[in-house]
Every structure is written in structure tokens, then in C-alpha cells.
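Engineer: Shown below is the structure under consideration.
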Amino acid sequence: MMLPVLVTGGCGFIGSNFIRYLLETDPDISIVNFDCLTYAGNLDNLSDVARDPRYRFLRGDIADRRAVREVAETGLSTIINFAAESHVDRSIHDSSPFIRTNILGTQILLDAAREFNVPRYLQISTDEVYGSLGPTGAFTEATPLAPNSPYSASKAAADMLVRSYVHTFGLPAVITRCSNNYGPYQFPEKMLPLFIMNLLRDEPVPVYGDGLNVRDWIHVRDHCAAIDRVWREGRVGEVYNIGGRCERTNLDLTNTLLEIIAKPRSLIRFVRDRPGHDRRYAMDSTKIEQELGWRPRIPFEEGLRETIHWYESRPEWVANIRTGVYLKYYERQYGRRLSDRAPKMKFSGSPANAKRRHANAKSRRELPKSKVRGPKPKRPKVRRAGAGRRAG
Ligand code: NAD
Ligand code: TDX
């Protein structure tokens with residue numbers, strides 16, 4: 001039997017789909033899933049395959065050098081690194097875990113691959129490392145990296161490390177960069193599962209800014225098929241872009257969801273924008289299509305319907321996630337945004353816009369005065385006598 005493939009982050013969205021894909025398509029495969037189970041890691045995602053003799057779960061942190069060495073010294077045929085902090089909004093709140101896992105963790109995996117002569121290393125990266133596009137064109141593998149969020153900066157740093165290990169040490173590594181994935185088992189902090197789950201509960205959906213940001217959507221199964229090709233046949237030292245050829249504005253996508261789930265447009269809320277929000281992503285996947293014969297196969301509407309149905313028919317999976325920690329995150333991310341929302345979509349949350357919003361609401365009598373909140377006046381920083389000391 002072949003040495004195992006080490007899949008890191010296999011309890012997350014794409015990793016769990018990829019493990020299931022490998023088990024379905026390769027009878028001779030042997031997989032070790034190495035995951036430290038952050039908030040996004042979920043053993044339920046693989047409960048159906050947990051007893052498969054070709055699969056083993058090992059709880060471990062890729063930023064823990066000793067733990068990584070221990071698993072690598074047992075012998076591996078490949079390392080496929082999915083493990084990451086993956087949500088842009090969380091990276092804006094606190095980038096520290098992103099630096100630790102995405103950069104340090106990648107470095108530790110690369111060192112282990114070198115030390116134990118692992119014959120293949122695949123880094124799962126993202127379109128976001130290229131930055132943001134104008135209204136036309138698409139990212140190619142030659143597009144310079146220009147990450148705009150702490151998340152994408154940490155992924156770009158990891159890509160640069162991989163590149164340097166190929167160049168300096170001859171490490172047999174390859175990088176894939178994919179666009180926005182959708183499908184089953186996605187944690188509902190990302191737009192699609194969040195919106196689907198909210199709509200199924202008749203709750204509002206928070207669209208950032210004007211809703212005209214564009215993403216290139218791909219079904220996770222198409223992404224898994226592409227990773228499988230690149231892992232087996234991709235050329236060492238190369239980058240392969242993977243895209244769905246499916247650009248949609250967030251607003252178009254939201255309207256499609258409303259139509260499929262049969263919910264009213266009144267559930268749309270235009271809320272304060274994500275800081276530094278990239279306007280448009282689009283991937284040119286010509287290279288993987290021509291070199292490796294891959295192309296996306298799942299039509300978007302079909303994949304979307306199937307995905308909605310999946311969330312609808314998994315109330316237990318959803319209930320296990322919608323616990324206190326998730327609700328606390330939701331409140332932090334959306335509580336203020338939803339109560340501050342603009343009455344008209346075209347205004348964003350800048351102070352100047354808040355003034356216009358206020359005036360607009362008053363003149364149209366759209367909002368009761370008490371509900372219109374402008375930016376809070378800045379309070380002077382005055383230290384109260386005795387502040388910081390406990391009354392004793
Ligand atoms: P996810 O957040 O759903 O899952 C991440 C997984 O990594 C979780 O199981 C988590 O427990 C694990 N993990 C986190 N830190 C770890 C650590 N220090 N050690 C071990 N395990 C750790 O992410 P996802 O959406 O499945 O993304 C997987 C990969 O694909 C990421 O590298 C991401 O950057 C990349 N990617 C994602 C998308 C997308 O649309 N979701 C698109 C392109 C690329
Ligand atoms: O509540 C929301 N409202 C909203 O309008 C959320 C969560 C998102 N959005 C917008 C922001 C984006 O324009 O929807 C779009 C998609 O947002 P996310 O689902 O957060 O994805 P994105 O920021 O595009 O990044 C995703 O694709 C690339 C993944 O999260 C990354 O891990 C991947 O690298």
C-alpha cells in the first residue's frame with residue numbers, strides 16, 4: 001500500500017470535501033487528516049467516512065513543529081496543505097492567528113517535507129493573493145501578487161515561502177490558487193452558507209456596501225477534482241489558477257438565492273462595507289485546462305440548488321454550529337451593522353454618508369429619528385481618578 005497522503009485542515013470545508021472525493025475515487029488511497037479543530041474544524045464533516053480503513057484522523061497543529069515532525073517521520077507520500085485561518089472578516093478583527101497558522105504553519109510543513117524527503121507538497125492558496133480587479137480582465141498565474149487583507153497577505157506570504165523552498169532547496173512543491181468555493185459543509189461565516197441559513201430561517205441577509213462586488217464561484221467538487229489533477233500531474237514549482245468561469249455580483253447572487261428559496265427582497269439589508277473590500281475577482285484557468293485537461297463541470301444554478309437543499313436537509317449539522325460561540329461571532333460581526341443599516345443601498349457607512357443618510361431618512365420619513373444613528377462623537381480620552389484600580 002502507498003504511503004499516506006497527509007491532508008492538513010481536513011475537517012474544514014474544502015479539506016473534508018477533498019478527503020471524501022479521494023476516498024470515492026481512489027480505492028488504494030491512504031489518508032491522514034491532520035487538523036487541530038479550530039472553530040471551523042468539524043468532525044461531523046467526515047463522520048460518514050470516519051471508520052473507513054483508508055482514513056485516519058490525527059488532532060494536531062501545523063504550527064507545532066514537534067507534532068508535525070512526529071507525523072512526517074512515519075513516512076508520507078504527499079502533504080496537501082488546506083489548514084488555514086480562512087475568513088477575511090476575522091482577519092480584519094485580529095490577524096494574529098492568520099500569521100501563526102498560515103505563515104508559520106506553512107513554514108513548519110515545508111521544513112518537515114524537506115527533512116523527511118516527502119516526494120510531493122501541494123499548497124492550497126487563493127485568488128485573493130492577486131488583489132482586486134477593475135471591471136474587465138482576469139488574474140493569470142503571471143499577475144503580480146497584491147494582497148489587500150491580512151488574510152490574503154498571510155496566504156501570499158505562504159506562497160512566497162513555498163516558492164523559495166522550491167528555488168532554494170529543490171522542494172517538489174506546487175501551488176493552486178482557486179476562486180470562491182461553495183457547496184456542502186461550508187462554515188456559515190462565509191457569504192453563501194450564511195445567507196442560505198438566514199433565509200431558511202426568514203432572517204435578514206447582510207449585503208456589504210452596494211452589493212456590486214464580484215466573485216467567481218466554483219463548486220467545491222470541481223475544486224477537488226482540480227486539486228487531484230494538480231497533485232498527481234502538476235509540474236513542480238508551478239502555480240495553477242482554478243476558477244469557475246462564473247462571475248456574479250453579490251447582489252445578483254443574493255437575488256438568485258431569494259428566488260430559489262422563495263423569500264421576499266425585504267430580507268436584504270445593505271450594511272456597512274467590509275474595510276478594504278476587494279471589488280472584483282476573476283480567474284483565468286487556461287493553464288490548468290490546457291495542461292491538465294481540467295475544467296469546471298457543475299453548472300452554477302444546479303450546484304446552488306443542490307447546496308441549498310443540502311443545508312435545508314441537515315438541521316442537526318446546522319444546530320451543532322449555531323451554538324453560543326457562533327452566535328457571539330454573529331453578534332460581533334453583524335449586530336451593530338444590522339442596526340446601523342442604511343435605508344438606501346447606495347450609501348455606505350462613512351461619516352459623510354451617515355450624514356447624508358440621516359438627512360435622506362428625515363426628508364423621506366423612512367426611519368423614525370431614534371433609529372437613525374450617525375457616527376458616535378469621539379469622546380476625549382480622560383482618565384478618571386481611580387480608573388483601573390478595583391474598589392476595595
Ligand atoms: P475552513 O476555515 O473551512 O477550514 C480550515 C481548517 O483548517 C479547519 O478544519 C481548521 O480546524 C483547520 N486548521 C486551522 N488552523 C489549523 C492549524 N494551525 N493546524 C491544523 N489545522 C488547522 O477553510 P476552507 O474554506 O476549507 O479553506 C481551505 C483552504 O483553501 C485554505 O487554505 C483557504 O485559504 C483555501 N481557499 C479557500 C477558498 C474558499 O472559498 N473557501 C477559496 C480558495 C482557497
Ligand atoms: O455577510 C457577508 N456579506 C457580504 O456581502 C459576508 C460574509 C460577505 N459578503 C460579501 C463579501 C464578498 O464580496 O460576499 C462576498 C464573499 O464573501 P466571503 O464569503 O467572506 O468570501 P471572500 O471574502 O470572497 O473570500 C473567500 O474566497 C476566497 C474565502 O472566504 C476565502 O477563504 C478564499 O480564499
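Labels for the C-alpha cells follow display order: chains A, B, ..., residues from 1 in each chain, ligands from 1.
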Just the alpha helix (DSSP H) stuff from stretch 110-258 of chain A, please, per backbone DSSP, written as a PyMOL selection string.

Structural biologist: chain A and resi 110-115+150-169+191-200+220-233+250-258

Engineer: Quick one: residues within 7 Å of stretch 294-301 of chain A, only C-alpha atoms counted, chain neighbours fewer than 4 positions away excluded, as number ranges by chain?

Structural biologist: A: 219, 222, 226, 244, 288-289, 305

Engineer: As a PyMOL selection string, please: every protein or nucleic acid residue near ligand 2 (cut-off 6 Å, counting only C-alpha atoms and all ligand atoms).

Structural biologist: chain A and resi 86-88+126+128+179-180+189-191+206-208+213+250

Engineer: Keeping only C-alpha atoms, write the selected residues as a PDB file, in the first residue's frame.

Structural biologist:
```
ATOM      1  CA  SER A  86      -9.682  31.392   6.071  1.00  0.00           C
ATOM      2  CA  HIS A  87     -12.148  34.192   6.793  1.00  0.00           C
ATOM      3  CA  VAL A  88     -11.326  37.738   5.665  1.00  0.00           C
ATOM      4  CA  THR A 126      -6.382  31.542  -3.185  1.00  0.00           C
ATOM      5  CA  GLU A 128      -7.185  36.767  -3.185  1.00  0.00           C
ATOM      6  CA  SER A 179     -11.668  31.335  -6.558  1.00  0.00           C
ATOM      7  CA  ASN A 180     -14.690  31.369  -4.194  1.00  0.00           C
ATOM      8  CA  GLU A 189     -19.434  32.730   8.320  1.00  0.00           C
ATOM      9  CA  LYS A 190     -18.860  32.783   4.565  1.00  0.00           C
ATOM     10  CA  MET A 191     -21.431  34.585   2.472  1.00  0.00           C
ATOM     11  CA  PRO A 206     -26.382  41.471   5.382  1.00  0.00           C
ATOM     12  CA  VAL A 207     -25.043  42.603   1.995  1.00  0.00           C
ATOM     13  CA  TYR A 208     -21.838  44.626   2.383  1.00  0.00           C
ATOM     14  CA  ASN A 213     -18.552  43.345  -5.593  1.00  0.00           C
ATOM     15  CA  ASN A 250     -23.126  39.691  -4.536  1.00  0.00           C
TER      16      ASN A 250
END
```

Engineer: Work out how far apart atom CA of A:Glu70 and atom CA of A:Val32 are and give it in Å to one decimal.

Structural biologist: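 Value for the atom CA of A:Glu70-atom CA of A:Val32 distance: 12.7 Å.
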
Engineer: Set the cut-off to 8 Å, count only C-alpha atoms and all ligand atoms, and list whatever residues fall near ligand 1 as a PyMOL selection string.

Structural biologist: chain A and resi 8-16+34-42+59-64+81-87+100-102+105+123-128+155+177-182+186-187+190

Engineer: As a PyMOL selection string, which residues of stretch 154-377 of chain A does DSSP assign to strand (DSSP E or B)?

Structural biologist: chain A and resi 173-178+180-182+205-208+214-219+239-242+247-249+268-271+280+283

Engineer: Which polymer residues have any atom within 12 Å of an atom of A:Ile261, counting only C-alpha atoms, with same-chain residues fewer than 2 positions away left out, as a VMD selection string?

Structural biologist: chain A and resid 195 to 202 254 to 259 263 to 265 267 304 to 309 311 to 312

Engineer: Restricting the calculation to only C-alpha atoms: of A:Ala262, A:Val174, A:Ile227, A:Leu3, which residue gets closest to A:Asn17?

Structural biologist: A:Ile227
